[in-house]
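Note sheet for the following structure.
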2 protein chains.
Amino acid sequence: MPRWEPDAQGRLKRAALELFEAQGFERTSVAQIARTAGLTERSFYRYFPDKREVLFAGDELQTHLVAQVEAADPGLTPIEALLTALGTADEIFRPREFLLRRVRVIAASPALAERDLIKLADIADALVRALEHRGVEPGKARFIIDVAIAVARRATSRWLADPDATLSELVAQTADELREAVAPPAPTVG
Amino acid sequence: MPRWEPDAQGRLKRAALELFEAQGFERTSVAQIARTAGLTERSFYRYFPDKREVLFAGDELQTHLVAQVEAADPGLTPIEALLTALGTADEIFRPREFLLRRVRVIAASPALAERDLIKLADIADALVRALEHRGVEPGKARFIIDVAIAVARRATSRWLADPDATLSELVAQTADELREAVAPPAPTVG
DNA sequence: ATCGATGACAACAGATGCTGTCATCACATA
DNA sequence: TATGTGATGACAGCATCTGTTGTCATCGAT
């Protein structure tokens with residue numbers, strides 16, 4: 001018999017998500033999360049550096065995107081490489097049920113929204129480095145990534161609302177939308 | 001004789017910036033900032049809702065951009081309206097000396113970088129609403145704003161590094177760079 | 001089979017961020 | 001003189017997060 005129940009980290013994650021859903025992020029204390037998971041407050045901080053991080057642990061998306069960009073055909077344009085990488089990332093977002101609950105909890109708390117933004121920024125930083133490895137100049141790499149993230153947000157937002165479409169389809173469609181938006185306005189229309 | 005020294009808020013801001021520069025954000029306490037400014041910790045929280053906000057108070061940039069977008073020529077494309085609004089915002093960023101110190105302090109602290117991102121997101125939200133007033137569909141407005149922010153970051157970064165160029169020049173130049181980046185690659189180059 | 005190292009956790013103490021509440025005191029006004 | 005207003009101080013209190021130490025299973029080596 002093991003001395004402790006297994007999967008302490010997973011128990012903390014599940015307890016936190018349910019408590020945040022039930023009573024909000026600010027109104028649940030770390031001690032309460034730990035108690036619900038059968039642990040002490042101090043043990044919580046062994047697994048997560050702070051209260052918000054319990055919803056953000058793991059970096060599968062970042063490692064996936066970086067790997068895809070580094071393995072991409074060198075003939076591809078940086079934007080193309082990023083967007084095709086994004087198109088293959090839909091497996092990371094499953095199960096959709098969990099993702100939707102998480103998105104709702106994050107949107108309901110400014111503190112969690114803040115953390116969400118910086119996690120996205122971390123992914124962006126990693127992708128900037130990946131583009132630099134491909135020979136893109138740093139300032140330009142940052143710019144390309146910001147544009148690609150704009151496309152990614154648009155495409156994944158559509159993907160969440162429309163479960164039938166495939167992510168890579170939506171990415172391609174959004175890229176078209178981008179070209180149209182930045183094109184100089186039609187000089188004279190009929 | 002006034003009972004208290006004037007400009008308590010300004011004294012707190014200046015004390016905070018200098019202390020953050022000297023010893024870092026995490027290692028300076030609110031009590032220390034208040035003491036340096038000749039106030040108590042409790043008074044600090046009367047002027048700023050939390051420790052980070054002492055570097056972020058004020059929303060001149062947001063109100064300027066929103067006003068410019070709402071006053072823009074209805075014939076302009078959304079992207080054009082945003083970028084021309086940005087081109088006139090350089091006065092907000094002065095004095096450049098102060099801005100540079102602030103940028104360095106923010107970059108040195110993850111907690112401040114987090115807050116910086118959410119302030120940018122707040123501006124983005126306000127601009128989304130402004131575009132919706134112009135009749136842009138919400139999802140598309142969000143997308144356009146994200147792209148415009150990518151351009152803005154690129155252009156202001158160049159502006160900080162090159163004091164001679166004017167911001168609107170750099171914005172136009174970055175817009176060209178964007179069109180080039182998203183254009184389909186040249187099919188066959190002799 | 002015993003012993004020591006390691007790992008997972010609890011218990012305790014403390015610094016700091018942030019909030020609620022009330023008293024204080026100069027100043028304005030009547 | 002009396003009274004109100006507004007900025008501030010004083011004090012108490014909760015929550016987040018950290019440092020440190022002790023306990024007890026498990027594992028490997030002797």
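Here, A, B, ... name the chains of the structure tokens in the order displayed, residue numbers run from 1 inside each chain, and ligands are numbered from 1 in the same displayed order.
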
Between chain A and chain D, at 12 Å or less, what are the per-residue closest atom pairs and their distances in Å? Count only C-alpha atoms (C1' of nucleotides), order by chain and rising residue number, and return it as JSON lines.
```
{"residue": "A:Met1", "atom": "CA", "partner": "D:DA25", "partner_atom": "C1'", "distance": 9.5}
{"residue": "A:Pro2", "atom": "CA", "partner": "D:DA25", "partner_atom": "C1'", "distance": 7.6}
{"residue": "A:Arg3", "atom": "CA", "partner": "D:DA25", "partner_atom": "C1'", "distance": 6.1}
{"residue": "A:Trp4", "atom": "CA", "partner": "D:DA25", "partner_atom": "C1'", "distance": 9.3}
{"residue": "A:Glu26", "atom": "CA", "partner": "D:DA15", "partner_atom": "C1'", "distance": 10.1}
{"residue": "A:Arg27", "atom": "CA", "partner": "D:DA15", "partner_atom": "C1'", "distance": 10.3}
{"residue": "A:Thr28", "atom": "CA", "partner": "D:DA15", "partner_atom": "C1'", "distance": 10.2}
{"residue": "A:Ser29", "atom": "CA", "partner": "D:DA15", "partner_atom": "C1'", "distance": 7.4}
{"residue": "A:Val30", "atom": "CA", "partner": "D:DT16", "partner_atom": "C1'", "distance": 8.3}
{"residue": "A:Ala31", "atom": "CA", "partner": "D:DA15", "partner_atom": "C1'", "distance": 9.6}
{"residue": "A:Gln32", "atom": "CA", "partner": "D:DA15", "partner_atom": "C1'", "distance": 11.6}
{"residue": "A:Glu41", "atom": "CA", "partner": "D:DC17", "partner_atom": "C1'", "distance": 10.2}
{"residue": "A:Arg42", "atom": "CA", "partner": "D:DC17", "partner_atom": "C1'", "distance": 9.4}
{"residue": "A:Phe44", "atom": "CA", "partner": "D:DC17", "partner_atom": "C1'", "distance": 10.8}
{"residue": "A:Tyr45", "atom": "CA", "partner": "D:DC17", "partner_atom": "C1'", "distance": 8.1}
{"residue": "A:Arg46", "atom": "CA", "partner": "D:DT18", "partner_atom": "C1'", "distance": 10.9}
{"residue": "A:Phe48", "atom": "CA", "partner": "D:DC17", "partner_atom": "C1'", "distance": 11.1}
{"residue": "A:Pro49", "atom": "CA", "partner": "D:DC17", "partner_atom": "C1'", "distance": 8.6}
{"residue": "A:Asp50", "atom": "CA", "partner": "D:DC17", "partner_atom": "C1'", "distance": 7.5}
{"residue": "A:Lys51", "atom": "CA", "partner": "D:DT16", "partner_atom": "C1'", "distance": 8.2}
{"residue": "A:Arg52", "atom": "CA", "partner": "D:DT16", "partner_atom": "C1'", "distance": 11.1}
```

So that I have them on file, write out the residues from the current selection with N, CA and C atoms, as a PDB file, in the first residue's frame.
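Once everything was written out, this is selection02.pdb:
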```pdb
ATOM      1  N   MET A   1       0.845  -1.205   0.000  1.00  0.00           N
ATOM      2  CA  MET A   1       0.000   0.000   0.000  1.00  0.00           C
ATOM      3  C   MET A   1       0.874   1.247   0.000  1.00  0.00           C
ATOM      4  N   PRO A   2       0.647   2.125  -0.958  1.00  0.00           N
ATOM      5  CA  PRO A   2       1.399   3.378  -0.938  1.00  0.00           C
ATOM      6  C   PRO A   2       0.945   4.229   0.238  1.00  0.00           C
ATOM      7  N   ARG A   3       1.865   5.032   0.689  1.00  0.00           N
ATOM      8  CA  ARG A   3       1.539   5.844   1.865  1.00  0.00           C
ATOM      9  C   ARG A   3       0.516   6.935   1.526  1.00  0.00           C
ATOM     10  N   TRP A   4       0.568   7.456   0.261  1.00  0.00           N
ATOM     11  CA  TRP A   4      -0.338   8.538  -0.127  1.00  0.00           C
ATOM     12  C   TRP A   4      -1.139   8.158  -1.361  1.00  0.00           C
ATOM     13  N   GLU A  26     -11.051  34.300  -7.158  1.00  0.00           N
ATOM     14  CA  GLU A  26     -10.649  35.120  -6.008  1.00  0.00           C
ATOM     15  C   GLU A  26     -11.202  34.565  -4.697  1.00  0.00           C
ATOM     16  N   ARG A  27     -12.388  33.980  -4.772  1.00  0.00           N
ATOM     17  CA  ARG A  27     -13.014  33.551  -3.518  1.00  0.00           C
ATOM     18  C   ARG A  27     -12.665  32.135  -3.109  1.00  0.00           C
ATOM     19  N   THR A  28     -11.752  31.490  -3.832  1.00  0.00           N
ATOM     20  CA  THR A  28     -11.282  30.198  -3.329  1.00  0.00           C
ATOM     21  C   THR A  28      -9.829  30.337  -2.917  1.00  0.00           C
ATOM     22  N   SER A  29      -9.538  29.867  -1.731  1.00  0.00           N
ATOM     23  CA  SER A  29      -8.173  29.981  -1.209  1.00  0.00           C
ATOM     24  C   SER A  29      -7.366  28.732  -1.554  1.00  0.00           C
ATOM     25  N   VAL A  30      -6.059  28.904  -1.570  1.00  0.00           N
ATOM     26  CA  VAL A  30      -5.182  27.766  -1.831  1.00  0.00           C
ATOM     27  C   VAL A  30      -5.404  26.687  -0.792  1.00  0.00           C
ATOM     28  N   ALA A  31      -5.614  27.109   0.443  1.00  0.00           N
ATOM     29  CA  ALA A  31      -5.847  26.117   1.505  1.00  0.00           C
ATOM     30  C   ALA A  31      -7.075  25.271   1.187  1.00  0.00           C
ATOM     31  N   GLN A  32      -8.100  25.904   0.624  1.00  0.00           N
ATOM     32  CA  GLN A  32      -9.317  25.155   0.300  1.00  0.00           C
ATOM     33  C   GLN A  32      -9.068  24.163  -0.833  1.00  0.00           C
ATOM     34  N   GLU A  41      -1.865  23.136   2.284  1.00  0.00           N
ATOM     35  CA  GLU A  41      -1.518  24.304   1.486  1.00  0.00           C
ATOM     36  C   GLU A  41      -0.057  24.258   1.052  1.00  0.00           C
ATOM     37  N   ARG A  42       0.803  23.874   1.988  1.00  0.00           N
ATOM     38  CA  ARG A  42       2.223  23.850   1.661  1.00  0.00           C
ATOM     39  C   ARG A  42       2.533  22.886   0.530  1.00  0.00           C
ATOM     40  N   PHE A  44       0.568  22.181  -1.939  1.00  0.00           N
ATOM     41  CA  PHE A  44       0.147  22.823  -3.188  1.00  0.00           C
ATOM     42  C   PHE A  44       1.323  23.563  -3.823  1.00  0.00           C
ATOM     43  N   TYR A  45       2.040  24.321  -2.992  1.00  0.00           N
ATOM     44  CA  TYR A  45       3.127  25.140  -3.530  1.00  0.00           C
ATOM     45  C   TYR A  45       4.340  24.303  -3.925  1.00  0.00           C
ATOM     46  N   ARG A  46       4.349  23.042  -3.558  1.00  0.00           N
ATOM     47  CA  ARG A  46       5.391  22.169  -4.075  1.00  0.00           C
ATOM     48  C   ARG A  46       5.131  21.826  -5.533  1.00  0.00           C
ATOM     49  N   PHE A  48       2.919  23.669  -7.671  1.00  0.00           N
ATOM     50  CA  PHE A  48       2.668  24.833  -8.512  1.00  0.00           C
ATOM     51  C   PHE A  48       3.287  26.068  -7.853  1.00  0.00           C
ATOM     52  N   PRO A  49       3.982  26.870  -8.637  1.00  0.00           N
ATOM     53  CA  PRO A  49       4.657  28.018  -8.036  1.00  0.00           C
ATOM     54  C   PRO A  49       3.695  29.073  -7.497  1.00  0.00           C
ATOM     55  N   ASP A  50       2.484  29.161  -8.026  1.00  0.00           N
ATOM     56  CA  ASP A  50       1.510  30.068  -7.442  1.00  0.00           C
ATOM     57  C   ASP A  50       0.104  29.600  -7.767  1.00  0.00           C
ATOM     58  N   LYS A  51      -0.858  30.297  -7.199  1.00  0.00           N
ATOM     59  CA  LYS A  51      -2.249  29.849  -7.272  1.00  0.00           C
ATOM     60  C   LYS A  51      -2.776  29.777  -8.700  1.00  0.00           C
ATOM     61  N   ARG A  52      -2.362  30.704  -9.555  1.00  0.00           N
ATOM     62  CA  ARG A  52      -2.893  30.698 -10.921  1.00  0.00           C
ATOM     63  C   ARG A  52      -2.363  29.528 -11.734  1.00  0.00           C
TER      64      ARG A  52
END
```

Item to complete: Up to 12 Å from chain A, what residues of chain B turn up? Count only C-alpha atoms and give them as a ChimeraX atom specification.
Response: /B:75-83,110-122,136,138-158,161,172,174-187

Selection above as a file: C-alpha atoms, as an mmCIF file, in the first residue's frame:
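Produced file part-v2.cif, reproduced below:
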```
data_model
loop_
_atom_site.group_PDB
_atom_site.id
_atom_site.type_symbol
_atom_site.label_atom_id
_atom_site.label_comp_id
_atom_site.auth_asym_id
_atom_site.auth_seq_id
_atom_site.Cartn_x
_atom_site.Cartn_y
_atom_site.Cartn_z
ATOM 1 C CA GLY B 75 -14.036 55.800 -46.339
ATOM 2 C CA LEU B 76 -10.882 54.408 -44.769
ATOM 3 C CA THR B 77 -10.355 50.700 -44.405
ATOM 4 C CA PRO B 78 -10.313 49.600 -40.718
ATOM 5 C CA ILE B 79 -6.616 48.865 -40.836
ATOM 6 C CA GLU B 80 -5.913 52.234 -42.390
ATOM 7 C CA ALA B 81 -7.923 54.018 -39.738
ATOM 8 C CA LEU B 82 -6.029 52.252 -36.969
ATOM 9 C CA LEU B 83 -2.605 52.818 -38.434
ATOM 10 C CA PRO B 110 7.635 39.021 -14.952
ATOM 11 C CA ALA B 111 4.897 40.465 -12.764
ATOM 12 C CA LEU B 112 5.152 43.827 -14.471
ATOM 13 C CA ALA B 113 5.389 42.261 -17.911
ATOM 14 C CA GLU B 114 2.135 40.487 -17.136
ATOM 15 C CA ARG B 115 0.410 43.726 -16.237
ATOM 16 C CA ASP B 116 1.819 45.394 -19.335
ATOM 17 C CA LEU B 117 0.239 42.758 -21.526
ATOM 18 C CA ILE B 118 -3.168 43.161 -19.951
ATOM 19 C CA LYS B 119 -3.013 46.913 -20.336
ATOM 20 C CA LEU B 120 -2.376 46.388 -24.039
ATOM 21 C CA ALA B 121 -5.283 43.969 -24.111
ATOM 22 C CA ASP B 122 -7.511 46.600 -22.535
ATOM 23 C CA VAL B 136 -17.177 45.987 -38.482
ATOM 24 C CA PRO B 138 -17.058 41.685 -33.919
ATOM 25 C CA GLY B 139 -14.913 38.666 -34.766
ATOM 26 C CA LYS B 140 -13.357 40.475 -37.677
ATOM 27 C CA ALA B 141 -12.784 43.588 -35.563
ATOM 28 C CA ARG B 142 -10.819 41.572 -33.029
ATOM 29 C CA PHE B 143 -8.728 40.118 -35.815
ATOM 30 C CA ILE B 144 -8.017 43.481 -37.409
ATOM 31 C CA ILE B 145 -7.003 44.904 -34.059
ATOM 32 C CA ASP B 146 -4.606 42.054 -33.381
ATOM 33 C CA VAL B 147 -2.960 42.615 -36.734
ATOM 34 C CA ALA B 148 -2.790 46.355 -36.170
ATOM 35 C CA ILE B 149 -1.175 45.789 -32.792
ATOM 36 C CA ALA B 150 1.458 43.623 -34.404
ATOM 37 C CA VAL B 151 2.235 46.505 -36.751
ATOM 38 C CA ALA B 152 2.198 48.951 -33.859
ATOM 39 C CA ARG B 153 4.696 46.933 -31.844
ATOM 40 C CA ARG B 154 7.048 46.680 -34.782
ATOM 41 C CA ALA B 155 6.789 50.368 -35.565
ATOM 42 C CA THR B 156 7.161 51.655 -32.011
ATOM 43 C CA SER B 157 10.084 49.353 -31.401
ATOM 44 C CA ARG B 158 11.808 50.904 -34.398
ATOM 45 C CA ALA B 161 15.636 52.687 -31.462
ATOM 46 C CA ALA B 172 3.684 53.016 -43.243
ATOM 47 C CA THR B 174 5.825 48.354 -41.476
ATOM 48 C CA ALA B 175 2.526 48.087 -43.321
ATOM 49 C CA ASP B 176 4.476 47.497 -46.516
ATOM 50 C CA GLU B 177 6.497 44.850 -44.725
ATOM 51 C CA LEU B 178 3.262 43.166 -43.690
ATOM 52 C CA ARG B 179 1.907 43.036 -47.227
ATOM 53 C CA GLU B 180 5.148 41.520 -48.398
ATOM 54 C CA ALA B 181 5.206 38.918 -45.631
ATOM 55 C CA VAL B 182 1.708 37.615 -46.295
ATOM 56 C CA ALA B 183 1.955 37.706 -50.068
ATOM 57 C CA PRO B 184 2.123 34.272 -51.681
ATOM 58 C CA PRO B 185 5.752 33.433 -52.458
ATOM 59 C CA ALA B 186 6.976 34.286 -55.910
ATOM 60 C CA PRO B 187 5.937 31.272 -58.006
#
```

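DSSP annotation of region 133-170 of chain A from backbone atoms: helix (DSSP H, G or I) residues are A:His133, A:Pro138, A:Gly139, A:Lys140, A:Ala141, A:Arg142, A:Phe143, A:Ile144, A:Ile145, A:Asp146, A:Val147, A:Ala148, A:Ile149, A:Ala150, A:Val151, A:Ala152, A:Arg153, A:Arg154, A:Ala155, A:Thr156, A:Ser157, A:Arg158, A:Trp159, A:Leu160, A:Ala161, A:Leu167, A:Ser168, A:Glu169, A:Leu170.
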
Worksheet item: So what do you get for CA of Trp159 (chain A) versus CA of Asp125 (chain A), distance-wise?
Response: 24.2 Å

Item to complete: Have a look at CA of Glu5 (chain B) and C1' of DT21 (chain C) and let me know their distance in Å, one decimal.
Response: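 Taking CA of Glu5 (chain B) as the start and C1' of DT21 (chain C) as the end point, the length is 25.2 Å.
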
Fill in: Residues of chain C within 12 Å of chain B, only C-alpha atoms (C1' of nucleotides) counted, as a list in words
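Interface list for chain C against chain B: DA15, DT16, DG17, DC18, DT19, DG20, DC25, DA26 and DC27 of chain C.
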
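Neighbours of Ile33 (chain A) closer than or equal to 10 Å, with only C-alpha atoms (C1' of nucleotides) counted and sequence neighbours fewer than 3 positions away skipped, come out as Arg11, Leu12, Lys13, Arg14, Ala15, Ala16, Leu17, Glu18, Leu19, Phe20, Thr28, Ser29, Val30, Thr36, Ala37, Gly38, Leu39, Thr40, Glu41, Phe44 and Lys51 of chain A.
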
Limited to C-alpha atoms, could you put the picked residues into a file as a PDB file, in the first residue's frame?
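Printed below is again_6.pdb as written:
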```pdb
ATOM      1  CA  ARG A  11      -6.074  15.937  -7.842  1.00  0.00           C
ATOM      2  CA  LEU A  12      -5.070  19.536  -7.206  1.00  0.00           C
ATOM      3  CA  LYS A  13      -5.805  20.519 -10.813  1.00  0.00           C
ATOM      4  CA  ARG A  14      -9.254  18.974 -10.795  1.00  0.00           C
ATOM      5  CA  ALA A  15     -10.141  20.386  -7.391  1.00  0.00           C
ATOM      6  CA  ALA A  16      -9.014  23.862  -8.446  1.00  0.00           C
ATOM      7  CA  LEU A  17     -11.013  23.871 -11.676  1.00  0.00           C
ATOM      8  CA  GLU A  18     -14.177  22.785  -9.910  1.00  0.00           C
ATOM      9  CA  LEU A  19     -13.793  25.265  -7.077  1.00  0.00           C
ATOM     10  CA  PHE A  20     -13.028  28.106  -9.477  1.00  0.00           C
ATOM     11  CA  THR A  28     -11.282  30.198  -3.329  1.00  0.00           C
ATOM     12  CA  SER A  29      -8.173  29.981  -1.209  1.00  0.00           C
ATOM     13  CA  VAL A  30      -5.182  27.766  -1.831  1.00  0.00           C
ATOM     14  CA  THR A  36     -10.337  19.349  -1.271  1.00  0.00           C
ATOM     15  CA  ALA A  37      -7.514  17.357  -2.828  1.00  0.00           C
ATOM     16  CA  GLY A  38      -6.566  15.858   0.541  1.00  0.00           C
ATOM     17  CA  LEU A  39      -3.317  17.790   0.880  1.00  0.00           C
ATOM     18  CA  THR A  40      -1.999  20.782   2.768  1.00  0.00           C
ATOM     19  CA  GLU A  41      -1.518  24.304   1.486  1.00  0.00           C
ATOM     20  CA  PHE A  44       0.147  22.823  -3.188  1.00  0.00           C
ATOM     21  CA  LYS A  51      -2.249  29.849  -7.272  1.00  0.00           C
TER      22      LYS A  51
END
```

Fill in: Selection near region 89-91 of chain A, 12 Å with only C-alpha atoms (C1' of nucleotides), sequence-local residues under 2 positions removed, as JSON, numbers by chain
{"A": [60, 61, 62, 63, 64, 65, 66, 67, 68, 69, 82, 83, 84, 85, 86, 87, 93, 94, 95, 96, 99, 152, 155, 156, 159, 160, 163, 165, 166, 167, 168, 169, 170, 171]}

Worksheet item: Expressed in Å to a single decimal, how great is the separation between CA of Ala107 (chain A) and CA of Val54 (chain A)?
Response: 15.5 Å
